[in-house]
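A quick write-up on the structure given underneath.
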Amino acid sequence: MSAETASASAPRPTTLLFGEVAVGDVLPELVVPLTRTLIVSTAIASRDYQDVHHDAKLAVERGSKDIFMNILSTNGIVGRYVTDWTGPGAVLTDVNIRLGAPNYPDDAMTLTGTVTGKDDAPAADDTGGVEVTLRGVNSLGDHVTGTVRLRLPDRAAGHAARRGSGR
Amino acid sequence: MSEPDPAADASASTEGGPSLDGRLQSFVGLSTGPTHRAPDPVNLPMIRHWIEAMGDRNPVYVDEEAARAAGFAGIIAPPTMLQAWIMRGLRTSQEADEARARGVETPGSPNDQLMAVLDEAGFTSVVATNCDQHYERPLVPGDRLEATSTIDAVSGEKKTGLGVGHFITTRLEFTDQDDQVVATMLFRILKFRPRPPAGSREAAAAPGTQSTLQAPPAERPKRPRPALTQDNSFFFEGARQHKLLIQRCAECGTLRHPPRPSCANCRSFDWDTVTASGRGTIYSYVVNHYPQVPAFDYPLVVALVELEEGTRLVANVSGITPDTVAIGTAVQVGFEAFDDVLTLPVFRPVVASAASGDASGETRKS
């Protein structure tokens with residue numbers, strides 16, 4: 001399986017600005033090697049101890065081909081994919097995913113995404129909403145399809161007061 | 001007519017009894033059970049474990065300075081980590097499994113009861129299909145979360161690629177230490193009847209909103225059979241002989257499709273057929289992505305083809321992708337034998353002068 005490319009796995013160091021994004025923009029592709037380590041460590045990091053996510057023998061007994069990734073980890077990787085593209089200052093507001101083919105080990109999932117929506121103008125808090133539609137495909141087909149909505153700052157470092165920055 | 005709707009409600013003749021739907025609907029609106037309390041506040045060690053496993057190098061989750069530089073007041077938790085904060089963990093999962101193994105009947109929550117009703121009806125497997133999370137604000141270390149969950153919807157019986165089952169949608173509302181709603185989540189699972197697997201034990205996972213068992217793709221089954229009648233069987237017999245037949249009124253000559261007993265123009269019940277040239281254009285189309293039925297290849301381009309004779313029929317289009325399919329594309333019929341009995345017309349785009357249809361106009365008495 002192809003390895004993750006260094007450029008795709010490193011997040012953008014500065015935050016993409018609302019004005020720099022246009023509907024139709026394509027996100028860089030990310031290839032995630034589906035190692036056993038990834039599937040097990042992400043399941044445990046999400047406190048999901050169901051045996052089908054870490055015990056291959058039991059997973060087969062339960063009718064699965066092998067262990068497979070849990071849905072919480074798909075969420076985590078989808079979130080990472082989008083913030084790798086936006087850089088650190090994006091605020092995610094919605095992550096909607098639909099699952100298809102399971103992520104089994106010794107495969108790879110390729111994530112692609114496109115900007116499919118954008119607010120007409122930034123809001124009073126100097127952030128603007130953007131929608132990304134994405135999919136993650138493995139050798140069996142679509143593992144995940146979904147949309148992520150997020151808010152991007154309108155000006156560099158000019159959004160310290162935005163929602164969620166503190167209580 | 002050659003493509004049945006894969007999302008259609010399954011036949012009502014399956015087991016479960018007439019009262020099953022009523023019993024299922026009685027759960028809608030009920031709380032699934034006790035409030036989920038996060039065992040620990042949002043905290044840096046669990047965040048670090050998460051981002052290392054996910055391969056997420058966004059510094060705002062672990063580095064105060066970077067978080068402030070990015071516009072936050074301090075470190076935030078990865079938003080998609082939401083559900084992880086309320087997971088019951090290993091010990092509670094094991095205790096529940098052991099209790100079940102000993103046959104201890106715990107006082108069932110509405111969610112447990114709903115799962116039991118579906119288990120009894122044979123829908124023993126579970127797969128997570130959708131998760132929609134909405135965040136009101138980023139979570140920060142120290143936040144103490146609670147989540148209440150409600151059974152939002154239970155679908156009627158559905159045919160899916162995994163088998164026949166019911167979709168259950170649960171709505172969770174996450175609140176913080178100040179009783180403010182910080183996030184909501186819709187979680188949908190499919191409780192389904194597993195196809196009899198070759199020699200493997202019945203697939204079943206622990207019930208509950210945190211069940212995430214995904215069943216493997218089943219052996220590729222045959223395409224659904226058309227429901228043959230004395231009015232439409234000529235069409236499928238014709239396809240087996242690689243002829244695309246159109247029903248024609250024997251009185252007034254009007255062509256019609258899909259097949260039906262009488263003419264809409266003159267109401268005559270007498271009809272015969274003509275062999276179509278096989279040439280047409282894509283009048284409209286849909287690209288079917290979901291649900292995926294194993295008998296079909298996806299993405300599945302389903303077209304409404306207008307034949308040059310004037311009738312329209314629904315059929316698959318091969319040699320075309322969702323990116324290249326377009327209304328108005330000239331197409332030519334071909335025939336594909338899917339198995340010993342089923343042959344169907346499948347259209348291909350016309351390339352250059354490759355079109356050479358059979359325009360014999362051969363007729364056949366009904």
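So you can find residues: chains in the structure tokens are A, B, ... in the order shown, residues in each start at 1, and ligands are numbered from 1 in order.
Residues of stretch 198-321 of chain B carrying a DSSP assignment of helix (DSSP H, G or I), computed from the backbone, are Ser233, Phe234, Phe235, Phe236, Glu237, Gly238, Ala239 and Arg240 of chain B.
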Using N, CA and C atoms, can you export the residues from the last selection as an mmCIF file, in the first residue's frame?
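Result file out_24.cif:
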data_model
loop_
_atom_site.group_PDB
_atom_site.id
_atom_site.type_symbol
_atom_site.label_atom_id
_atom_site.label_comp_id
_atom_site.auth_asym_id
_atom_site.auth_seq_id
_atom_site.Cartn_x
_atom_site.Cartn_y
_atom_site.Cartn_z
ATOM 1 N N SER B 233 -44.173 -10.376 -20.016
ATOM 2 C CA SER B 233 -43.159 -11.417 -20.181
ATOM 3 C C SER B 233 -42.519 -11.380 -21.573
ATOM 4 N N PHE B 234 -43.243 -10.853 -22.598
ATOM 5 C CA PHE B 234 -42.647 -10.761 -23.949
ATOM 6 C C PHE B 234 -41.364 -9.946 -23.924
ATOM 7 N N PHE B 235 -41.346 -8.907 -23.044
ATOM 8 C CA PHE B 235 -40.203 -8.003 -23.006
ATOM 9 C C PHE B 235 -38.929 -8.761 -22.598
ATOM 10 N N PHE B 236 -39.084 -9.610 -21.559
ATOM 11 C CA PHE B 236 -37.921 -10.334 -21.037
ATOM 12 C C PHE B 236 -37.541 -11.503 -21.952
ATOM 13 N N GLU B 237 -38.575 -12.129 -22.562
ATOM 14 C CA GLU B 237 -38.268 -13.181 -23.545
ATOM 15 C C GLU B 237 -37.513 -12.571 -24.717
ATOM 16 N N GLY B 238 -37.955 -11.388 -25.143
ATOM 17 C CA GLY B 238 -37.271 -10.698 -26.243
ATOM 18 C C GLY B 238 -35.822 -10.402 -25.884
ATOM 19 N N ALA B 239 -35.614 -9.943 -24.656
ATOM 20 C CA ALA B 239 -34.257 -9.594 -24.238
ATOM 21 C C ALA B 239 -33.357 -10.826 -24.291
ATOM 22 N N ARG B 240 -33.934 -11.982 -23.913
ATOM 23 C CA ARG B 240 -33.127 -13.217 -23.956
ATOM 24 C C ARG B 240 -32.680 -13.527 -25.388
#
- Task: List every residue of stretch 39-183 of chain B that DSSP, applied to the backbone of this structure, places in strand (DSSP E or B), and write the result as a ChimeraX atom specification.
- Result: /B:125-135,146-154,158-159,164-175,181-183
- Task: Give the residues of chain B that lie within 6 Å of chain A; count only C-alpha atoms, and format the answer as a ChimeraX atom specification.
- Result: /B:49-50,53-54,56,58,70-73,80,84,87,89-90,129-135,137-138,200-201,203,212,215-216
- Item | Near-B:Thr321 list (9 Å; only C-alpha atoms; drop same-chain fewer than 3 positions) as a VMD selection string | chain B and resid 299 to 301 317 to 318 324 to 325
- Task: Enter the distance from atom CA of B:Leu186 to atom CA of B:Arg171, in Å, rounded to one decimal.
- Result: 4.6 Å
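The closest residue to A:Leu34, picked from B:Gly22, B:Pro45, B:Gly55, B:Pro259 and counting only C-alpha atoms, is B:Gly55.
From atom CA of B:Gly29 back to atom CA of B:Asp152, the distance works out to 5.8 Å.
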- Task: Name all residues at most 8 Å from stretch 221-223 of chain B (count only C-alpha atoms; drop same-chain ones fewer than 6 positions away) and give them as a PyMOL selection string.
- Result: chain B and resi 294-296+338-339
May I have the residues from that selection written out with N, CA and C atoms, as an mmCIF file, in the first residue's frame?
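So selection-v9.cif came out as:
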data_model
loop_
_atom_site.group_PDB
_atom_site.id
_atom_site.type_symbol
_atom_site.label_atom_id
_atom_site.label_comp_id
_atom_site.auth_asym_id
_atom_site.auth_seq_id
_atom_site.Cartn_x
_atom_site.Cartn_y
_atom_site.Cartn_z
ATOM 1 N N PRO B 294 -25.744 -5.767 -3.302
ATOM 2 C CA PRO B 294 -24.562 -6.463 -3.813
ATOM 3 C C PRO B 294 -24.667 -6.936 -5.256
ATOM 4 N N ALA B 295 -25.861 -7.081 -5.790
ATOM 5 C CA ALA B 295 -25.987 -7.564 -7.165
ATOM 6 C C ALA B 295 -25.565 -6.518 -8.190
ATOM 7 N N PHE B 296 -25.387 -5.275 -7.756
ATOM 8 C CA PHE B 296 -25.124 -4.203 -8.700
ATOM 9 C C PHE B 296 -23.734 -3.606 -8.491
ATOM 10 N N PHE B 338 -27.172 -11.691 -17.107
ATOM 11 C CA PHE B 338 -26.689 -11.591 -15.733
ATOM 12 C C PHE B 338 -26.580 -12.963 -15.077
ATOM 13 N N ASP B 339 -27.410 -13.892 -15.522
ATOM 14 C CA ASP B 339 -27.314 -15.268 -15.061
ATOM 15 C C ASP B 339 -28.050 -16.127 -16.080
#
